[in-house]
Each structure stands twice: as structure tokens, then as C-alpha cells.
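> To start, I am sharing the structure in question, which I have written as C-alpha cells.
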Amino acid sequence: MTSKQIERRFEIFKTFVAVALALGLALIVISFVSESPVDAITAFITGPFQRATRISNIIEVMTPLLFTGTAICIMYQANQFSMIGEGAFLIGANLATWFAVTHDKWAGLPLIAVCFIVAIISGVVVAVVPAVLKVKFKANEVVSSIMMNYVILKVSDYIFYYILRDVASGQQASFPIPTQGKLMKMFGLRMHVGVIVGLLVCLAAYIFVYRTKWGYQVRMTGANMNFAKYSGISVMGVALSTQLIGGGIAGLGGAVEILGRYDRFLWFGTQPGFGFDGVLVGVLAKNNPLLVPVAAFLLAYMRTGADVMNRVSDVPVEFVDVVQGLIILFVAAEMFMAKYKHKLIVNNAKKQLEAKEAAE
């Protein structure tokens with residue numbers, strides 16, 4: 001076994017240990033703050049699987065995270081720490097709603113397909129700004145993308161208020177999305193076929209990153225930018241393209257979410273938050289698109305469990321934020337379990353040396 005293989009397996013093991021420790025500490029806290037800790041803990045752990053509707057809710061919650069998590073993985077593989085996924089997701093949902101509402105005479109499949117294309121293009125367009133600022137002016141993409149998210153929020157609010165808003169609805173909501181423009185539900189529950197689209201996006205992203213020449217350039221740029229540059233790789237081209245691809249995927253996620261889960265566009269004056277959740281998913285997945293479904297499912301499971309626990313016990317739903325914070329701290333800490341990792345590599349090297357000596 002090579003050192004690289006050991007490091008890869010160690011990172012997966014480290015993530016599982018981090019999740020287990022975070023849950024363990026959170027459960028200890030519950031035992032002190034709750035008057036019925038056993039009921040609260042049971043509701044949190046087993047509650048999400050007790051009913052088909054709750055399992056459906058897990059799938060429903062994880063669906064948008066598949067897109068934003070994958071977008072983050074692709075950008076972070078190239079060391080591009082852009083946060084534009086939030087704005088791309090929002091504007092993708094907004095313009096997909098606009099197209100569906102204004103083309104309500106179209107047949108279902110063509111309408112949904114064009115809505116997806118509109119969302120992807122809108123996500124790419126909003127990702128252009130921080131990407132170009134990074135490539136041309138060396139601007140920090142974290143700052144510029146976060147600022148761009150607020151610009152996109154105001155643009156989305158303008159489109160909603162002056163074009164999409166249904167004044168007769170009695171609430172801050174858009175005109176209803178036509179039935180033929182909505183994604184099909186699965187098994188008679190709220191979850192929809194968007195989860196299949198999300199899984200296909202994860203698979204395609206994995207093939208792109210790990211099985212193509214372009215993906216190799218992306219990974220090389222992220223691992224060592226100077227080496228990639230002197231190897232003939234267009235570092236600036238990689239930086240630009242990965243951010244645009246990430247924005248497009250996040251925009252598609254916005255369209256899938258709004259057409260699959262909602263009857264109207266409702267995000268006025270607020271950001272949905274899925275773009276920032278994608279960062280957590282990407283960290284848990286170690287920037288590997290193939291692990292995004294696992295990370296998204298875990299996060300959705302915890303949030304559903306927290307919601308169930310909040311309804312049947314005295315523990316607030318914000319409890320899951322504590323767990324998420326602990327997971328991020330453990331996973332991001334470079335020194336967490338570093339000695340164990342070093343021991344594995346040393347022992348493997350000793351075994352290889354002994355095998356070589358025995359063969360001679």
C-alpha cells in the first residue's frame with residue numbers, strides 16, 4: 001500500500017471519527033440540558049427512520065446539498081475558495097421560476113429542460129465576476145464572492161418584486177409554477193426526481209475530476225500551483241473554469257430545488273443558505289464528488305433528527321448547529337489524529353522494507 005493510499009483512507013476514517021466525536025459530545029450535552037434525555041436522544045437518532053415521510057424528508061433535504069456540495073468540491077480541488085454557490089443557487093432558482101411562469105404553455109419535459117439550462121447559464125454568469133477578479137486582478141475570491149452574493153440577492157429581489165410577485169396570493173410569493181414545469185414526485189412522497197439528477201451530477205463531477213486530463217490539471221493546480229504552472233498547465237484557465245463550472249452546478253441546484261420542492265418562489269429578502277451548507281458538505285466529503293452523497297445524507301439526517309427531537313422533547317432544533325460546528329472543527333484541524341496518521345505511514349514503510357529485504 002502506498003503512502004498516498006494510506007492518507008486517502010486515513011482522511012475518510014478521520015471524518016467518521018470526527019462525526020462520531022461530535023455526536024458523542026452533543027449527546028452528552030443533551031443529557032445535561034434535557035429533562036428527558038433518553039427520549040430526546042432516541043428521537044434524534046432513530047426518529048428520522050421511523051416513518052416513510054421522514055425518510056422522504058431526509059432525501060428532500062439532501063437534494064440541494066448534492067449540487068452545492070459538488071460545486072464546492074470542484075472549486076476547492078483547484079484551491080479556488082469561492083463562496084459564489086449561494087448567489088448562483090438563488091439566481092438559478094429565481095430565473096428558472098421566471099421562465100416556467102412565463103412559458104406555462106410549453107410541454108413538461110422541454111419546459112423543465114430549458115429551465116435547467118437557464119439556471120446553469122445564470123449560475124455561470126454570476127460566477128464570472130469573482131472568477132475574473134481573481135484571474136485578472138488577484139482579488140481574494142472569498143471576499144469578492146461573498147460580496148457578489150449580496151448583489152445577487154438584491155437582483156433576485158428586484159426580479160421577484162417587479163416581475164414574479166403575485167399580489168393576489170396574500171403572501172410574498174411568485175405566481176404559481178405551472179404543473180407541467182414541476183419535477184415528478186417519487187413513491188407518492190414529497191421527495192422528487194431531482195435527487196437522481198443530483199446523484200448523476202456527483203458521478204459526472206467525479207469522472208471529470210479523477211478520470212479526465214482536464215480534471216488532472218485541476219487537481220495538480222490545487223496541489224501545487226507553482227509546479228502546475230511550470231509543467232505547462234494554464235493555472236489561470238483552471239482557476240477561471242472551475243469557478244464557472246461550480247457556479248453552473250449551483251445554479252442547476254437552484255432550479256431543481258424550486259421546481260421539485262416548491263409551488264412558488266418564496267425567497268424574498270433572504271438567502272436560502274444552501275450554498276454555505278455546500279461548504280460543510282464539501283469539507284465532509286474531502287472535496288471528492290463521489291463522497292458528496294454520503295456527506296449530504298449525513299447532514300440531512302442530522303437536521304431531520306434535530307427537527308423530530310425538537311417536536312417531541314425540550315431540546316431546540318438549533319442543537320444541530322452545535323454538531324455541525326464540532327464536525328467542522330475536528331475535520332479541519334490538521335493536527336487531529338496526526339500522530340496516528342504518521343504511525344500508519346511509518347509502519348507501512350517498515351513492512352515494505354522488511355518484505356524487500358526478505359525477497360533479497
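Simple scheme: letters A, B, ... for chains in C-alpha cells order, numbers from 1 for residues in each chain, numbers from 1 for ligands in the order shown.
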Could you list, as a compact mmCIF listing (two decimals) with N, CA and C atoms, in the first residue's frame, every residue within 9 Å of segment 237-250 of chain A, counting only C-alpha atoms and ignoring same-chain residues fewer than 6 positions away?

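The result, stored in around.txt:
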```
# COMPACT_ATOMS: atom_id res chain seq x y z
N PRO A 64 -30.68 19.46 -2.55
CA PRO A 64 -29.93 20.66 -2.96
C PRO A 64 -28.47 20.62 -2.54
N PHE A 67 -25.89 19.37 -5.11
CA PHE A 67 -25.41 20.32 -6.13
C PHE A 67 -24.41 21.30 -5.53
N THR A 68 -24.75 21.93 -4.43
CA THR A 68 -23.82 22.92 -3.86
C THR A 68 -22.56 22.25 -3.32
N GLY A 69 -22.70 21.03 -2.77
CA GLY A 69 -21.53 20.31 -2.30
C GLY A 69 -20.60 19.95 -3.44
N THR A 70 -21.15 19.50 -4.56
CA THR A 70 -20.34 19.17 -5.73
C THR A 70 -19.68 20.41 -6.30
N ALA A 71 -20.40 21.52 -6.33
CA ALA A 71 -19.82 22.77 -6.82
C ALA A 71 -18.62 23.18 -5.98
N ILE A 72 -18.75 23.06 -4.67
CA ILE A 72 -17.64 23.40 -3.78
C ILE A 72 -16.46 22.47 -4.01
N CYS A 73 -16.72 21.18 -4.17
CA CYS A 73 -15.65 20.20 -4.39
C CYS A 73 -14.82 20.55 -5.61
N ILE A 74 -15.48 20.88 -6.71
CA ILE A 74 -14.75 21.19 -7.94
C ILE A 74 -13.91 22.45 -7.78
N MET A 75 -14.48 23.48 -7.17
CA MET A 75 -13.72 24.72 -6.99
C MET A 75 -12.57 24.54 -6.01
N TYR A 76 -12.82 23.84 -4.91
CA TYR A 76 -11.79 23.66 -3.89
C TYR A 76 -10.69 22.72 -4.35
N GLN A 77 -10.99 21.81 -5.29
CA GLN A 77 -9.95 20.94 -5.84
C GLN A 77 -8.85 21.77 -6.49
N ALA A 78 -9.22 22.93 -7.03
CA ALA A 78 -8.26 23.82 -7.68
C ALA A 78 -7.79 24.93 -6.76
N ASN A 79 -8.08 24.82 -5.47
CA ASN A 79 -7.70 25.84 -4.48
C ASN A 79 -8.40 27.17 -4.74
N GLN A 80 -9.61 27.11 -5.27
CA GLN A 80 -10.41 28.31 -5.50
C GLN A 80 -11.52 28.34 -4.46
N PHE A 81 -11.32 29.12 -3.42
CA PHE A 81 -12.25 29.09 -2.29
C PHE A 81 -13.39 30.10 -2.48
N SER A 82 -14.08 29.95 -3.59
CA SER A 82 -15.18 30.84 -3.90
C SER A 82 -16.44 30.42 -3.15
N ILE A 84 -19.44 31.60 -4.19
CA ILE A 84 -20.47 32.08 -5.10
C ILE A 84 -21.63 31.09 -5.23
N GLY A 85 -21.49 29.89 -4.70
CA GLY A 85 -22.56 28.90 -4.79
C GLY A 85 -23.88 29.40 -4.23
N GLU A 86 -23.82 30.24 -3.20
CA GLU A 86 -25.05 30.77 -2.60
C GLU A 86 -25.80 31.66 -3.57
N GLY A 87 -25.10 32.61 -4.17
CA GLY A 87 -25.74 33.50 -5.13
C GLY A 87 -26.18 32.78 -6.40
N ALA A 88 -25.34 31.85 -6.87
CA ALA A 88 -25.68 31.09 -8.08
C ALA A 88 -26.93 30.25 -7.85
N PHE A 89 -27.03 29.63 -6.68
CA PHE A 89 -28.20 28.82 -6.35
C PHE A 89 -29.46 29.69 -6.34
N LEU A 90 -29.37 30.86 -5.73
CA LEU A 90 -30.53 31.74 -5.61
C LEU A 90 -30.99 32.25 -6.97
N GLY A 92 -30.33 31.00 -9.87
CA GLY A 92 -30.78 29.87 -10.68
C GLY A 92 -32.23 29.54 -10.40
N ALA A 119 -30.97 28.16 -15.64
CA ALA A 119 -30.37 28.19 -14.31
C ALA A 119 -28.86 27.99 -14.38
N ILE A 120 -28.41 27.06 -15.22
CA ILE A 120 -26.97 26.82 -15.36
C ILE A 120 -26.26 28.06 -15.90
N ILE A 121 -26.84 28.65 -16.94
CA ILE A 121 -26.23 29.86 -17.53
C ILE A 121 -26.19 30.99 -16.52
N SER A 122 -27.26 31.17 -15.76
CA SER A 122 -27.30 32.25 -14.77
C SER A 122 -26.25 32.01 -13.68
N GLY A 123 -26.06 30.76 -13.28
CA GLY A 123 -25.04 30.44 -12.29
C GLY A 123 -23.64 30.74 -12.80
N VAL A 124 -23.40 30.40 -14.07
CA VAL A 124 -22.10 30.68 -14.68
C VAL A 124 -21.86 32.19 -14.75
N VAL A 125 -22.88 32.93 -15.13
CA VAL A 125 -22.74 34.38 -15.29
C VAL A 125 -22.37 35.05 -13.97
N VAL A 126 -23.03 34.67 -12.89
CA VAL A 126 -22.72 35.33 -11.61
C VAL A 126 -21.36 34.88 -11.08
N ALA A 127 -20.90 33.70 -11.49
CA ALA A 127 -19.58 33.23 -11.05
C ALA A 127 -18.46 33.91 -11.82
N VAL A 128 -18.79 34.52 -12.96
CA VAL A 128 -17.77 35.18 -13.77
C VAL A 128 -17.08 36.31 -13.00
N PRO A 130 -16.41 37.12 -9.58
CA PRO A 130 -15.28 36.80 -8.68
C PRO A 130 -14.17 36.03 -9.38
N ALA A 131 -14.53 35.23 -10.40
CA ALA A 131 -13.51 34.46 -11.11
C ALA A 131 -12.58 35.40 -11.89
N VAL A 132 -13.14 36.35 -12.61
CA VAL A 132 -12.33 37.30 -13.39
C VAL A 132 -11.53 38.21 -12.46
N LYS A 134 -10.35 37.41 -9.64
CA LYS A 134 -9.23 36.60 -9.14
C LYS A 134 -8.15 36.45 -10.21
N VAL A 135 -8.54 36.16 -11.44
CA VAL A 135 -7.58 35.89 -12.51
C VAL A 135 -6.87 37.17 -12.97
N VAL A 201 -25.06 14.25 -11.27
CA VAL A 201 -24.10 15.36 -11.27
C VAL A 201 -22.86 14.99 -10.45
N TRP A 214 -8.33 17.14 -18.08
CA TRP A 214 -8.68 18.44 -17.51
C TRP A 214 -8.78 18.34 -15.99
N GLN A 217 -5.42 18.34 -14.41
CA GLN A 217 -4.88 19.69 -14.33
C GLN A 217 -5.48 20.46 -13.15
N VAL A 218 -6.77 20.23 -12.92
CA VAL A 218 -7.43 20.88 -11.78
C VAL A 218 -6.79 20.42 -10.46
N THR A 221 -3.22 21.74 -10.07
CA THR A 221 -3.22 23.15 -9.71
C THR A 221 -3.53 23.34 -8.23
N GLY A 275 -25.93 27.30 -0.40
CA GLY A 275 -24.57 27.49 -0.88
C GLY A 275 -23.56 27.37 0.24
```
> Which one of A:Cys115, A:Leu353, A:Ala40, A:Val346 sits closest to Ile6 of chain A if you count only C-alpha atoms?
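Closest residue, counting only C-alpha atoms: A:Val346.
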> Show which residues sit within 12 Å of Val197 of chain A, as a PyMOL selection string. Count only C-alpha atoms, and ignore same-chain residues fewer than 2 positions away.
chain A and resi 63-64+66-67+113+116+183-184+192-195+199-204+249+252-253+255-257+260+293
> Produce a file of the selected residues containing C-alpha atoms, as a PDB file, in the first residue's frame.

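Listing of selection22.pdb after writing:
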```pdb
ATOM      1  CA  THR A  63     -31.081  17.006  -2.712  1.00  0.00           C
ATOM      2  CA  PRO A  64     -29.930  20.661  -2.961  1.00  0.00           C
ATOM      3  CA  LEU A  66     -25.754  17.383  -3.735  1.00  0.00           C
ATOM      4  CA  PHE A  67     -25.410  20.316  -6.125  1.00  0.00           C
ATOM      5  CA  ALA A 113     -35.010  21.194 -19.650  1.00  0.00           C
ATOM      6  CA  PHE A 116     -32.333  23.870 -16.169  1.00  0.00           C
ATOM      7  CA  LEU A 183     -40.398  17.735 -11.136  1.00  0.00           C
ATOM      8  CA  MET A 184     -42.144  14.407 -10.611  1.00  0.00           C
ATOM      9  CA  HIS A 192     -38.696  14.176  -6.205  1.00  0.00           C
ATOM     10  CA  VAL A 193     -36.589  13.029  -9.150  1.00  0.00           C
ATOM     11  CA  GLY A 194     -34.216  15.926  -8.546  1.00  0.00           C
ATOM     12  CA  VAL A 195     -32.242  13.626  -6.246  1.00  0.00           C
ATOM     13  CA  LEU A 199     -26.545  11.903  -7.992  1.00  0.00           C
ATOM     14  CA  LEU A 200     -25.783  11.976 -11.717  1.00  0.00           C
ATOM     15  CA  VAL A 201     -24.100  15.363 -11.271  1.00  0.00           C
ATOM     16  CA  CYS A 202     -21.940  13.917  -8.467  1.00  0.00           C
ATOM     17  CA  LEU A 203     -20.936  10.980 -10.659  1.00  0.00           C
ATOM     18  CA  ALA A 204     -20.175  13.198 -13.643  1.00  0.00           C
ATOM     19  CA  ILE A 249     -23.781  23.379 -10.953  1.00  0.00           C
ATOM     20  CA  LEU A 252     -28.774  23.983 -11.626  1.00  0.00           C
ATOM     21  CA  GLY A 253     -29.315  23.040  -7.983  1.00  0.00           C
ATOM     22  CA  ALA A 255     -33.682  25.153 -10.434  1.00  0.00           C
ATOM     23  CA  VAL A 256     -34.010  21.573  -9.193  1.00  0.00           C
ATOM     24  CA  GLU A 257     -34.918  22.755  -5.702  1.00  0.00           C
ATOM     25  CA  GLY A 260     -39.115  19.966  -7.209  1.00  0.00           C
ATOM     26  CA  PRO A 293     -23.998  11.991  -1.390  1.00  0.00           C
TER      27      PRO A 293
END
```
> Measuring between only C-alpha atoms, which one of A:Arg190, A:Arg264, A:Lys138, A:Lys229 shows the shortest distance to Ser174 of chain A?
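Looking only at the distances to Ser174 of chain A, the closest residue turns out to be A:Arg264.
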> Neighbours of Asp166 of chain A within 9 Å (only C-alpha atoms; same-chain residues fewer than 6 positions away dropped), as a ChimeraX atom specification?
/A:172-176
> With DSSP run on the backbone, what are the alpha helix (DSSP H) residues within segment 110-351 of chain A? I'd like them as an MDAnalysis selection string.
chainID A and resid 110:137 141:159 194:211 213:223 225:230 235:261 274:284 292:312 319:332 338:351
> My list of candidates is A:Arg51, A:Lys182, A:Lys154, A:Lys136. Which is closest to Asp263 of chain A when distances are computed with only C-alpha atoms?
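Closest residue, counting only C-alpha atoms: A:Lys182.
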> Quick one: distance from atom CA of Ile30 of chain A to atom CA of Ile327 of chain A in Å, one decimal?
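A separation of 16.7 Å between them.
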> Between A:Val167, A:Leu290, A:Leu65, A:Leu111, single out the one closest to Phe99 of chain A, counting only C-alpha atoms.
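Ranking A:Val167, A:Leu290, A:Leu65, A:Leu111 by distance to Phe99 of chain A, first place goes to A:Leu111.
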> State, in Å with one decimal place, the distance from atom CA of Phe44 of chain A to atom CA of Met309 of chain A.
5.2 Å
